[in-house]
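Novice: Hey, dropping data.txt in here, compact mmCIF, C-alpha atoms:
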```txt
# COMPACT_ATOMS: atom_id res chain seq x y z
CA MET A 168 119.39 153.23 15.41
CA ASP A 169 116.84 151.76 17.80
CA GLU A 170 117.00 152.33 21.55
CA GLY A 171 118.31 148.83 22.25
CA ARG A 172 121.28 149.36 19.95
CA ARG A 173 121.90 152.82 21.39
CA ALA A 174 122.02 151.38 24.91
CA LYS A 175 124.42 148.64 23.81
CA LEU A 176 126.61 151.20 22.05
CA ARG A 177 126.77 153.30 25.23
CA GLU A 178 127.75 150.19 27.19
CA THR A 179 130.50 149.41 24.67
CA GLN A 180 131.78 152.98 24.74
CA ALA A 181 131.87 152.94 28.54
CA GLN A 182 133.67 149.59 28.65
CA PHE A 183 136.37 150.53 26.16
CA GLY A 184 136.64 154.03 27.57
CA ARG A 185 137.57 152.51 30.94
CA GLN A 186 140.02 150.03 29.41
CA ALA A 187 141.51 152.16 26.63
CA ARG A 188 144.98 152.42 28.16
CA ARG A 189 145.13 148.66 28.77
CA TYR A 190 144.37 147.99 25.11
CA ALA A 191 146.95 150.58 24.10
CA ASP A 192 149.48 148.59 26.14
CA SER A 193 148.38 145.18 24.77
CA ALA A 194 151.15 143.30 22.96
CA LEU A 195 148.54 141.18 21.15
CA HIS A 196 146.98 144.28 19.60
CA ARG A 197 150.21 146.25 19.14
CA ARG A 198 152.02 143.50 17.26
CA GLY A 199 150.98 139.90 16.82
CA GLU A 200 151.39 137.71 13.76
CA SER A 201 147.93 138.71 12.55
CA LEU A 202 148.96 142.33 12.02
CA GLN A 203 151.73 141.45 9.59
CA THR A 204 149.43 138.98 7.83
CA LEU A 205 146.78 141.69 7.44
CA LEU A 206 149.34 144.11 5.97
CA THR A 207 150.57 141.47 3.54
CA LEU A 208 147.09 140.51 2.32
CA ALA A 209 146.01 144.15 2.05
CA ALA A 210 148.97 144.91 -0.25
CA VAL A 211 148.17 148.61 -0.02
CA GLN A 212 149.60 150.85 -2.74
CA PRO A 213 150.80 154.45 -2.19
CA GLN A 214 147.93 155.97 -4.18
CA GLU A 215 145.20 154.05 -2.35
CA ARG A 216 142.68 155.36 0.17
CA VAL A 217 142.29 153.08 3.20
CA LEU A 218 139.77 152.90 6.04
CA ASP A 219 140.47 151.10 9.34
CA VAL A 220 137.22 150.24 11.13
CA GLY A 221 137.15 149.65 14.89
CA THR A 222 140.66 151.06 15.03
CA GLY A 223 140.86 151.00 18.84
CA ALA A 224 144.27 152.33 19.86
CA GLY A 225 145.17 152.70 16.20
CA PHE A 226 147.90 150.09 15.78
CA THR A 227 146.60 148.82 12.44
CA ALA A 228 145.89 152.29 11.07
CA LEU A 229 149.36 153.53 11.99
CA ARG A 230 151.04 150.61 10.21
CA LEU A 231 148.79 151.06 7.16
CA SER A 232 149.77 154.74 7.04
CA GLU A 233 153.31 153.65 6.19
CA GLN A 234 152.00 152.27 2.89
CA ALA A 235 148.84 154.13 1.89
CA GLY A 236 148.22 157.52 0.35
CA LEU A 237 145.52 158.30 2.90
CA VAL A 238 144.31 156.40 5.97
CA LEU A 239 141.01 157.10 7.69
CA ALA A 240 140.38 155.39 11.03
CA ALA A 241 137.04 155.05 12.79
CA ASP A 242 136.10 153.92 16.29
CA PRO A 243 133.00 154.58 18.43
CA THR A 244 134.96 155.28 21.64
CA ARG A 245 136.54 158.68 22.22
CA GLN A 246 139.10 157.43 24.74
CA MET A 247 140.35 154.82 22.27
CA LEU A 248 140.87 157.53 19.66
CA ASP A 249 142.68 159.63 22.28
CA GLU A 250 145.08 156.72 22.83
CA ALA A 251 145.54 156.37 19.07
CA ARG A 252 146.41 160.05 18.71
CA ARG A 253 148.82 159.77 21.64
CA LEU A 254 150.60 156.79 20.08
CA GLU A 255 150.76 158.59 16.73
CA ALA A 256 152.36 161.61 18.41
CA GLU A 257 154.83 159.41 20.29
CA ALA A 258 155.88 157.76 17.03
CA GLY A 259 157.05 161.18 15.81
CA ASN A 260 156.14 160.64 12.16
CA GLY A 261 153.67 163.49 11.91
CA GLN A 262 149.88 163.32 11.65
CA ARG A 263 149.34 160.65 8.98
CA VAL A 264 145.92 159.29 9.95
CA GLN A 265 142.54 161.02 9.98
CA TRP A 266 140.72 159.82 13.11
CA SER A 267 136.92 159.76 13.28
CA MET A 268 134.41 158.75 15.95
CA ALA A 269 131.95 156.45 14.19
CA THR A 270 130.42 152.97 14.30
CA ALA A 271 130.94 150.27 11.69
CA GLU A 272 127.23 150.35 10.87
CA THR A 273 127.22 154.08 10.00
CA LEU A 274 130.49 154.93 8.29
CA PRO A 275 131.09 158.66 7.65
CA LEU A 276 131.92 158.08 3.98
CA THR A 277 130.29 158.49 0.62
CA GLY A 278 129.74 155.33 -1.38
CA ARG A 279 132.52 153.81 -3.49
CA SER A 280 135.13 156.07 -1.87
CA VAL A 281 137.84 153.74 -0.47
CA ASP A 282 140.10 151.12 -2.01
CA VAL A 283 140.77 149.05 1.10
CA ILE A 284 138.94 148.50 4.38
CA ALA A 285 140.82 146.93 7.29
CA CYS A 286 139.17 145.60 10.44
CA ARG A 287 141.20 143.83 13.12
CA TYR A 288 139.79 142.28 16.32
CA ALA A 289 136.69 144.47 16.26
CA SER A 290 133.90 142.70 14.37
CA HIS A 291 132.88 140.52 17.34
CA HIS A 292 131.74 143.75 19.04
CA PHE A 293 129.60 145.05 16.15
CA GLN A 294 125.96 145.39 17.17
CA ASP A 295 124.76 144.48 13.67
CA LEU A 296 127.47 142.63 11.78
CA PRO A 297 125.44 142.06 8.58
CA LEU A 298 124.67 145.79 8.43
CA ALA A 299 128.35 146.65 9.03
CA LEU A 300 129.43 144.34 6.21
CA ARG A 301 126.89 145.98 3.89
CA GLU A 302 128.36 149.34 4.88
CA PHE A 303 131.81 148.03 3.96
CA GLU A 304 130.51 146.95 0.55
CA ARG A 305 128.87 150.35 0.07
CA ALA A 306 132.08 152.24 0.88
CA LEU A 307 134.40 150.12 -1.28
CA ARG A 308 135.17 151.03 -4.85
CA PRO A 309 134.59 148.35 -7.52
CA GLY A 310 137.34 145.77 -7.08
CA GLY A 311 138.02 147.09 -3.57
CA ARG A 312 139.36 144.87 -0.80
CA LEU A 313 138.28 144.07 2.74
CA VAL A 314 140.94 142.59 5.02
CA LEU A 315 139.27 141.41 8.20
CA CYS A 316 141.01 139.74 11.12
CA ASP A 317 139.17 138.33 14.10
CA VAL A 318 138.87 135.41 16.44
CA VAL A 319 136.90 132.55 14.91
CA ALA A 320 134.92 129.88 16.73
CA PRO A 321 135.32 126.14 16.17
CA GLU A 322 132.86 124.51 13.78
CA SER A 323 131.19 122.47 16.55
CA PRO A 324 127.95 124.23 17.64
CA GLU A 325 128.62 123.23 21.25
CA MET A 326 132.08 124.82 21.15
CA VAL A 327 130.64 127.95 19.48
CA ARG A 328 128.23 128.36 22.39
CA LEU A 329 130.93 127.69 24.99
CA MET A 330 133.40 130.12 23.46
CA ASN A 331 130.84 132.91 23.29
CA HIS A 332 129.70 132.21 26.84
CA LEU A 333 133.30 132.62 28.01
CA GLU A 334 133.73 135.82 26.03
CA ARG A 335 130.48 137.36 27.27
CA THR A 336 131.25 136.45 30.88
CA ARG A 337 134.60 138.19 30.54
CA ASP A 338 133.19 141.24 28.73
CA GLY A 339 129.46 141.92 28.48
CA THR A 340 129.94 144.01 25.32
CA HIS A 341 131.05 140.96 23.34
CA VAL A 342 128.48 140.05 20.68
CA TRP A 343 129.52 136.88 18.85
CA ASN A 344 132.43 134.88 17.42
CA TYR A 345 131.47 132.98 14.26
CA PRO A 346 132.99 129.83 12.71
CA LEU A 347 135.12 130.46 9.65
CA SER A 348 132.66 128.54 7.44
CA GLN A 349 129.92 131.02 8.35
CA TRP A 350 132.11 133.96 7.33
CA ARG A 351 132.89 132.37 3.99
CA GLU A 352 129.50 130.91 3.10
CA GLU A 353 126.98 133.28 4.71
CA LEU A 354 128.15 136.57 6.19
CA LEU A 355 130.42 137.87 3.43
CA PRO A 356 128.35 136.66 0.43
CA ALA A 357 125.18 138.16 1.93
CA ALA A 358 126.91 141.56 1.87
CA GLY A 359 128.11 141.17 -1.72
CA LEU A 360 131.69 140.32 -0.77
CA ARG A 361 133.68 137.25 -1.79
CA ALA A 362 136.41 135.67 0.33
CA VAL A 363 139.45 135.03 -1.88
CA GLU A 364 142.12 134.13 0.68
CA VAL A 365 142.16 133.05 4.31
CA VAL A 366 145.16 132.75 6.61
CA LYS A 367 144.48 130.88 9.84
CA GLY A 368 146.33 131.63 13.06
CA LYS A 369 146.31 131.39 16.84
CA ASN A 370 145.77 133.85 19.67
CA PRO A 371 147.64 132.44 22.69
CA GLN A 372 146.14 133.85 25.88
CA LEU A 373 147.37 134.11 29.45
CA PHE A 374 144.17 134.06 31.49
CA SER A 375 145.28 136.68 34.03
CA GLU A 376 146.16 139.16 31.25
CA TRP A 377 142.99 138.34 29.31
CA VAL A 378 140.68 139.26 32.19
CA HIS A 379 142.84 142.22 33.30
CA ARG A 380 142.67 143.77 29.83
CA ALA A 381 138.86 143.66 29.94
CA GLY A 382 138.55 144.72 33.58
CA THR A 383 136.51 141.60 34.34
CA PRO A 384 134.89 141.77 37.82
CA PRO A 385 136.23 139.25 40.41
CA PRO A 386 133.03 137.15 40.58
CA ALA A 387 133.12 136.73 36.79
CA VAL A 388 136.82 135.83 36.95
CA GLN A 389 135.99 133.06 39.41
CA GLU A 390 133.15 131.84 37.19
CA LEU A 391 135.49 131.71 34.20
CA LEU A 392 138.11 129.78 36.15
CA GLY A 393 135.44 127.28 37.11
CA VAL A 394 134.34 126.81 33.50
CA PHE A 395 137.90 126.29 32.29
CA SER A 396 138.66 123.93 35.19
CA SER A 397 135.66 121.72 34.42
CA ALA A 398 136.04 121.86 30.63
CA THR A 399 135.43 118.68 28.66
CA ALA A 400 138.23 116.97 26.76
CA GLU A 401 136.78 118.40 23.54
CA ALA A 402 136.93 121.95 24.93
CA ARG A 403 140.43 121.52 26.37
CA ASP A 404 141.62 120.33 22.98
CA ALA A 405 139.74 122.98 20.98
CA PHE A 406 141.02 125.85 23.12
CA GLU A 407 144.42 124.36 24.06
CA VAL A 408 143.71 124.75 27.77
CA ARG A 409 146.65 124.06 30.06
CA TRP A 410 147.84 124.98 33.53
CA ALA A 411 151.40 125.90 34.46
CA GLY A 412 151.46 126.14 38.23
CA ALA A 413 148.84 128.71 39.16
CA GLU A 414 148.70 130.20 35.64
CA LEU A 415 146.05 129.22 33.12
CA TYR A 416 146.85 129.37 29.41
CA PHE A 417 144.52 128.83 26.47
CA SER A 418 144.25 129.79 22.82
CA TRP A 419 141.62 131.06 20.42
CA ASP A 420 141.73 130.41 16.69
CA ASN A 421 141.84 133.47 14.48
CA ALA A 422 141.67 134.14 10.76
CA VAL A 423 142.69 136.95 8.45
CA ILE A 424 140.25 137.05 5.54
CA LEU A 425 140.85 138.87 2.27
CA ALA A 426 137.53 139.56 0.55
CA LYS A 427 136.77 141.53 -2.57
CA ARG A 428 133.91 143.57 -3.89
CA PRO A 429 133.03 142.81 -7.54
```
Rewrite the structure of this file - the entire thing - as structure tokens.

Specialist:
Amino acid sequence: MDEGRRAKLRETQAQFGRQARRYADSALHRRGESLQTLLTLAAVQPQERVLDVGTGAGFTALRLSEQAGLVLAADPTRQMLDEARRLEAEAGNGQRVQWSMATAETLPLTGRSVDVIACRYASHHFQDLPLALREFERALRPGGRLVLCDVVAPESPEMVRLMNHLERTRDGTHVWNYPLSQWREELLPAAGLRAVEVVKGKNPQLFSEWVHRAGTPPPAVQELLGVFSSATAEARDAFEVRWAGAELYFSWDNAVILAKRP
């Protein structure tokens, strides 16, 4: 890993270390329609070995552990893994997940060793997404499945730039949200993976919760409010921007993608 990536990783670890408890308390991450969709598409069997990448507070891994024979969960931030272990203990179902501190680009696994990889709301933080996807392909057994859920950008290049500007202003560790077409036609095929099913969804956001969860500094909050307030008609429509009194609401598109390794 070069020094630039190391510095960015340290920044990401610091950011999510500070905000770990807020993510552990996040209803969007704890539940959300996308979690059930991911579980359905994964269709994990009791004998299968599953890896959850970018597990965060462990919500996806804990649900997968109800189905799988073995669940491994990786995240680069120690405090996030601490929250995941705490939530596992509070659930009172015993220690069913093996937690590991690791990045998506350097998975602590031998090749062809897992049946299913899950990744939910994490890939937009990967420092090298193409490398991470190649790691996924390396770790999957022949016929193995990747079930990836993340926010997706609109197809309009202008809206892609605007969305990522908003995300980076909120949280400097954000890397990039891609349009769904780029996932299907470029990113996954380049890693040797083939998208076989896509379920589209929505991430409704309350602005005040969105910035609180990330610990966005007040000047950046004001900048974001200004961008939303002056948004074009295209942007207001694309992101479903609306005000209700003093509260600002908007929505990101998301997708749950089932991909397979030949």

Novice: Using all atoms listed in the file, which protein or nucleic acid residues come within 9 Å of Phe293 of chain A? Drop anything in the same chain fewer than 6 positions from it, and give the result as a ChimeraX atom specification.

Specialist: /A:221,270-272,299,341-343

Novice: Build an axis-aligned box that encloses every atom of segment 229-243 of chain A listed in the file, pad it by 4 Å on each side, and report its centre and edge lengths in Å to one decimal, as JSON.

Specialist:
```
{"center_x": 143.2, "center_y": 154.5, "center_z": 9.4, "size_x": 28.3, "size_y": 15.7, "size_z": 26.1}
```

Novice: When you draw a straight line from atom CA of Glu390 of chain A to atom CA of Asn331 of chain A, how long is it in Å?

Specialist: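 Straight-line distance from atom CA of Glu390 of chain A to atom CA of Asn331 of chain A works out to 14.1 Å.
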
Novice: Of the candidates A:Val408, A:Leu373, A:Val238, A:Ala362, which one gets nearest to Ala422 of chain A if we count only C-alpha atoms?

Specialist: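 Of all the options, A:Ala362 lies closest to Ala422 of chain A.
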
Novice: Work out how far atom CA of Ala381 of chain A is from atom CA of Ala285 of chain A, in Å to one decimal.

Specialist: 23.0 Å

Novice: Could you check the closest approach to Gly278 of chain A for each of A:Val314, A:Leu392, A:Ala306, A:Leu205 and tell me which residue wins, using all atoms listed in the file?

Specialist: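 Among the listed residues, the smallest separation from Gly278 of chain A belongs to A:Ala306.
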
Novice: Quick one, how far is atom CA of Gly225 of chain A from atom CA of Val318 of chain A?

Specialist: 18.4 Å

Novice: My list of candidates is A:Ala387, A:Val319, A:Glu364, A:Ala240. Which is closest to Gln349 of chain A when distances are computed with all atoms listed in the file?

Specialist: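 Ranking A:Ala387, A:Val319, A:Glu364, A:Ala240 by distance to Gln349 of chain A, first place goes to A:Val319.
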
Novice: Show which residues sit within 8 Å of segment 252-266 of chain A, as a ChimeraX atom specification. Count all atoms listed in the file, and ignore same-chain residues fewer than 4 positions away.

Specialist: /A:224-225,228-229,232,237-241,248

Novice: When distances are computed from only C-alpha atoms, which of A:Ser201, A:Gln186, A:Thr383, A:Asn344 shows the smallest separation from Arg245 of chain A?

Specialist: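 Residue with the minimum atom-to-atom distance to Arg245 of chain A: A:Gln186.
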
Novice: Nearest to Tyr345 of chain A: which of A:Asn421, A:Thr399, A:Ser375, A:Thr273 is it, counting all atoms listed in the file?

Specialist: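 Smallest distance to Tyr345 of chain A is found for A:Asn421.
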
Novice: Pick out the residues sitting within 9 Å of segment 366-368 of chain A, and hand them over as a PyMOL selection string; count all atoms listed in the file, and ignore anything fewer than 5 positions along from it in its own chain.

Specialist: chain A and resi 200-201+204+419-425

Novice: Please dump the current selection as an mmCIF file, in the coordinates of the input; keep C-alpha atoms.

Specialist:
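Resulting contents of again-v4.cif:
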```cif
data_model
loop_
_atom_site.group_PDB
_atom_site.id
_atom_site.type_symbol
_atom_site.label_atom_id
_atom_site.label_comp_id
_atom_site.auth_asym_id
_atom_site.auth_seq_id
_atom_site.Cartn_x
_atom_site.Cartn_y
_atom_site.Cartn_z
ATOM 1 C CA GLU A 200 151.390 137.710 13.760
ATOM 2 C CA SER A 201 147.930 138.710 12.550
ATOM 3 C CA THR A 204 149.430 138.980 7.830
ATOM 4 C CA TRP A 419 141.620 131.060 20.420
ATOM 5 C CA ASP A 420 141.730 130.410 16.690
ATOM 6 C CA ASN A 421 141.840 133.470 14.480
ATOM 7 C CA ALA A 422 141.670 134.140 10.760
ATOM 8 C CA VAL A 423 142.690 136.950 8.450
ATOM 9 C CA ILE A 424 140.250 137.050 5.540
ATOM 10 C CA LEU A 425 140.850 138.870 2.270
#
```

Novice: For segment 329-344 of chain A, supply N, CA and C atoms and format the output as a PDB file, in the coordinates of the input.

Specialist:
```
ATOM      1  N   LEU A 329     130.039 127.576  23.850  1.00  0.00           N
ATOM      2  CA  LEU A 329     130.930 127.690  24.990  1.00  0.00           C
ATOM      3  C   LEU A 329     131.876 128.873  24.851  1.00  0.00           C
ATOM      4  N   MET A 330     132.472 129.015  23.676  1.00  0.00           N
ATOM      5  CA  MET A 330     133.400 130.120  23.460  1.00  0.00           C
ATOM      6  C   MET A 330     132.721 131.464  23.682  1.00  0.00           C
ATOM      7  N   ASN A 331     131.521 131.631  23.139  1.00  0.00           N
ATOM      8  CA  ASN A 331     130.840 132.910  23.290  1.00  0.00           C
ATOM      9  C   ASN A 331     130.342 133.128  24.716  1.00  0.00           C
ATOM     10  N   HIS A 332     130.022 132.061  25.423  1.00  0.00           N
ATOM     11  CA  HIS A 332     129.700 132.210  26.840  1.00  0.00           C
ATOM     12  C   HIS A 332     130.910 132.727  27.618  1.00  0.00           C
ATOM     13  N   LEU A 333     132.079 132.157  27.355  1.00  0.00           N
ATOM     14  CA  LEU A 333     133.300 132.620  28.010  1.00  0.00           C
ATOM     15  C   LEU A 333     133.574 134.081  27.697  1.00  0.00           C
ATOM     16  N   GLU A 334     133.448 134.442  26.425  1.00  0.00           N
ATOM     17  CA  GLU A 334     133.730 135.820  26.030  1.00  0.00           C
ATOM     18  C   GLU A 334     132.750 136.811  26.661  1.00  0.00           C
ATOM     19  N   ARG A 335     131.471 136.432  26.711  1.00  0.00           N
ATOM     20  CA  ARG A 335     130.480 137.360  27.270  1.00  0.00           C
ATOM     21  C   ARG A 335     130.601 137.463  28.782  1.00  0.00           C
ATOM     22  N   THR A 336     131.037 136.382  29.427  1.00  0.00           N
ATOM     23  CA  THR A 336     131.250 136.450  30.880  1.00  0.00           C
ATOM     24  C   THR A 336     132.418 137.366  31.184  1.00  0.00           C
ATOM     25  N   ARG A 337     133.442 137.301  30.371  1.00  0.00           N
ATOM     26  CA  ARG A 337     134.600 138.190  30.540  1.00  0.00           C
ATOM     27  C   ARG A 337     134.249 139.642  30.260  1.00  0.00           C
ATOM     28  N   ASP A 338     133.477 139.886  29.186  1.00  0.00           N
ATOM     29  CA  ASP A 338     133.190 141.240  28.730  1.00  0.00           C
ATOM     30  C   ASP A 338     131.773 141.264  28.164  1.00  0.00           C
ATOM     31  N   GLY A 339     130.862 141.912  28.858  1.00  0.00           N
ATOM     32  CA  GLY A 339     129.460 141.920  28.480  1.00  0.00           C
ATOM     33  C   GLY A 339     129.179 142.616  27.165  1.00  0.00           C
ATOM     34  N   THR A 340     130.160 143.348  26.608  1.00  0.00           N
ATOM     35  CA  THR A 340     129.940 144.010  25.320  1.00  0.00           C
ATOM     36  C   THR A 340     130.265 143.095  24.145  1.00  0.00           C
ATOM     37  N   HIS A 341     130.801 141.912  24.417  1.00  0.00           N
ATOM     38  CA  HIS A 341     131.050 140.960  23.340  1.00  0.00           C
ATOM     39  C   HIS A 341     129.714 140.559  22.712  1.00  0.00           C
ATOM     40  N   VAL A 342     129.700 140.446  21.378  1.00  0.00           N
ATOM     41  CA  VAL A 342     128.480 140.050  20.680  1.00  0.00           C
ATOM     42  C   VAL A 342     128.560 138.594  20.240  1.00  0.00           C
ATOM     43  N   TRP A 343     129.481 138.271  19.301  1.00  0.00           N
ATOM     44  CA  TRP A 343     129.520 136.880  18.850  1.00  0.00           C
ATOM     45  C   TRP A 343     130.792 136.608  18.053  1.00  0.00           C
ATOM     46  N   ASN A 344     131.379 135.419  18.264  1.00  0.00           N
ATOM     47  CA  ASN A 344     132.430 134.880  17.420  1.00  0.00           C
ATOM     48  C   ASN A 344     131.819 133.807  16.521  1.00  0.00           C
TER      49      ASN A 344
END
```
